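The next block holds one structure in the form of structure tokens; read it before the comments.
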Amino acid sequence: MKTKNLISMQDLSKEDLENLFKLTDELKNKTMQKNGKTAALLFNRPSTRTHVSFDVALNQLGYSTTYLDYVFTQLVRGEKLKDSAKAISQYVNLIVARLVPHSMLEELAKYSDVPVINAGSDLEHPCQALGDLYTIKEAHGSKLKTGSKIVFVGDPRDAVANSLSIGAQALGLKFIYLCPKGYYPSNKKADVSSDLKIVKDASIIYTNAWSRELNEEATEIMRDFLSYQVNEQMLAQAPKDVLIMHPLPAFRGLEISDAVLDSKNSLVWQQVKNRLYVQKAVIQSLEK
């Protein structure tokens, strides 16, 4: 890749995406011996799949890892992020960071002397999007054509959706948000619809948790989205071979039904698995 860090999907060209997926294919069943390199994982938000997959990916590529829980760093006592960035990067070869707000990631990358990978912010989740796009490419193969439609069912402000829409458009895929009227995406170039019938020619139906917070706004969002659950009724309007995706964690019975999540159309567990491989490709591509 021509970029020093991976903070946003906008850092990647179509050529970068194609090269990353080619490298992911090569790395899928390959492990490496210890290479003497170290990576820091700096997180200020909970994580399961991202933490585990990055830890395993780094170890398989020969890195030692050190996990930095934000609340146990000097940042919570008021140290400037630029000072922490400078200090941490004296010890490690790579920083993987899950930080909110997104501006923290940008500042970390600005002052770090080593590459920084965005492991999820409130604005973007490029590694999830890369794993998902690789999974789509793998599942569809030659059937994936320019203009193939991805319908994202959920809040258009979602960080995964933002990254996925950027990557999908870079690959020539059509990305549409399906949501109630009044919800608008961060990516203004994307199409938005409130009509459930748009799934009739979808190649992918993708959904995510409607809200990660328990507050008044979350209650309102859930109420607005009640008729947009990805369930058997929605699938009945879509092509029989439509593929279902969800980045997890899933709130079964809310944004998606059990029957759909566990159906033969679901790519959920392939998504989980491929995160490991595509992250190995990202790490290796950023190595100096």
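Starting from 1 in every chain, residues are counted up; chains themselves are A, B, ... following the order of the structure tokens, and ligands are numbered from 1 as listed.
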
Self-check item: strand (DSSP E or B) call set, DSSP backbone run, segment 65-108 of chain A, as a VMD selection string
Solution: chain A and resid 65 to 69 94 to 98

Quiz prompt | Neighbour list for segment 18-33 of chain A as a ChimeraX atom specification, cut-off 10 Å, only C-alpha atoms, skip fewer than 3 positions in-chain | solution = /A:1,12-15,36,57-63,130-131,133-135,137-138,171,273-282,284-285

Mind dumping the selected residues with C-alpha atoms as a compact mmCIF listing (two decimals), in the first residue's frame?
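File produced: again-v2.txt:
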# COMPACT_ATOMS: atom_id res chain seq x y z
CA MET A 1 0.00 0.00 0.00
CA LEU A 12 -7.08 2.90 -0.20
CA SER A 13 -7.38 2.92 -3.99
CA LYS A 14 -9.01 0.16 -6.01
CA GLU A 15 -5.49 -1.14 -6.77
CA GLY A 36 11.53 -9.64 16.61
CA ALA A 57 -2.86 -12.20 13.31
CA LEU A 58 0.12 -10.39 14.81
CA ASN A 59 1.37 -13.52 16.55
CA GLN A 60 1.03 -15.56 13.37
CA LEU A 61 3.08 -12.92 11.55
CA GLY A 62 5.79 -13.18 14.20
CA TYR A 63 4.99 -10.11 16.30
CA LEU A 130 -11.95 -5.02 4.22
CA GLY A 131 -12.79 -8.42 5.70
CA LEU A 133 -15.42 -7.05 0.96
CA TYR A 134 -12.96 -9.93 0.78
CA THR A 135 -15.73 -12.29 1.98
CA LYS A 137 -15.44 -11.39 -3.36
CA GLU A 138 -14.70 -14.93 -2.15
CA LEU A 171 -14.76 -1.64 -6.31
CA LYS A 273 -12.79 -15.93 9.92
CA ASN A 274 -11.66 -13.66 7.09
CA ARG A 275 -11.02 -10.73 9.45
CA LEU A 276 -7.93 -12.61 10.63
CA TYR A 277 -6.53 -13.08 7.13
CA VAL A 278 -7.22 -9.64 5.74
CA GLN A 279 -5.73 -8.02 8.86
CA LYS A 280 -2.57 -10.06 8.33
CA ALA A 281 -2.45 -8.63 4.80
CA VAL A 282 -2.90 -5.07 6.12
CA GLN A 284 2.26 -6.97 6.19
CA SER A 285 1.46 -4.25 3.65

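The neighbours of Tyr91 of chain A here are the residues that come within 12 Å of it, using only C-alpha atoms and leaving out any residue fewer than 2 positions away in the same chain; they are Gly36, Lys37, Thr38, Ala39, Ala40, Ser64, Thr65, Thr66, Ser84, Ala85, Lys86, Ala87, Ile88, Ser89, Asn93, Leu94, Ile95, Ser112, Asp113 and Val114 of chain A.
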
Practice problem: Identify, on the basis of only C-alpha atoms, every residue whose closest approach to Ser163 of chain A does not exceed 8 Å; exclude the query and any residue fewer than 5 positions from it along the same chain; express the result as a PyMOL selection string. | Solution: chain A and resi 8-9+124-126+129

Quiz item: Just asking: which residues within segment 21-261 of chain A are alpha helix (DSSP H) according to DSSP, as a PyMOL selection string?
Solution: chain A and resi 21-27+49-60+81-88+102-111+126-140+159-170+216-224+232-236+258-261

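Using only C-alpha atoms, the smallest distance between any of A:Thr73, A:Ser266, A:Ser203, A:Asn162 and Ala190 of chain A comes from A:Asn162.
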
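Taking only C-alpha atoms into account, Phe225 of chain A lies nearest to A:Glu255 out of the set A:Glu106, A:Asp69, A:Asp195, A:Glu255.
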
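Comparing the minimum interatomic distances between Ser227 of chain A and each of A:Pro180, A:Gly78, A:Lys174, A:Ile204, counting only C-alpha atoms, we find that A:Pro180 sits nearest.
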
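Closest to Asp122 of chain A among A:Gln237, A:Gln229, A:Asn44, A:Gln10 is A:Asn44, based on only C-alpha atoms.
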
Practice problem: Compile the contact shell of Ala238 of chain A as a PyMOL selection string: residues with an atom at most 9 Å away, counting only C-alpha atoms, same-chain residues fewer than 3 positions apart removed. | Solution: chain A and resi 197-203+205+234-235+241-242

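Reported to one decimal place, the separation of atom CA of Glu287 of chain A from atom CA of Ile166 of chain A is 24.0 Å.
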
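Using only C-alpha atoms for every distance, the candidate list A:Arg157, A:Arg98, A:His140, A:Arg45 yields A:Arg157 as the residue closest to Cys179 of chain A.
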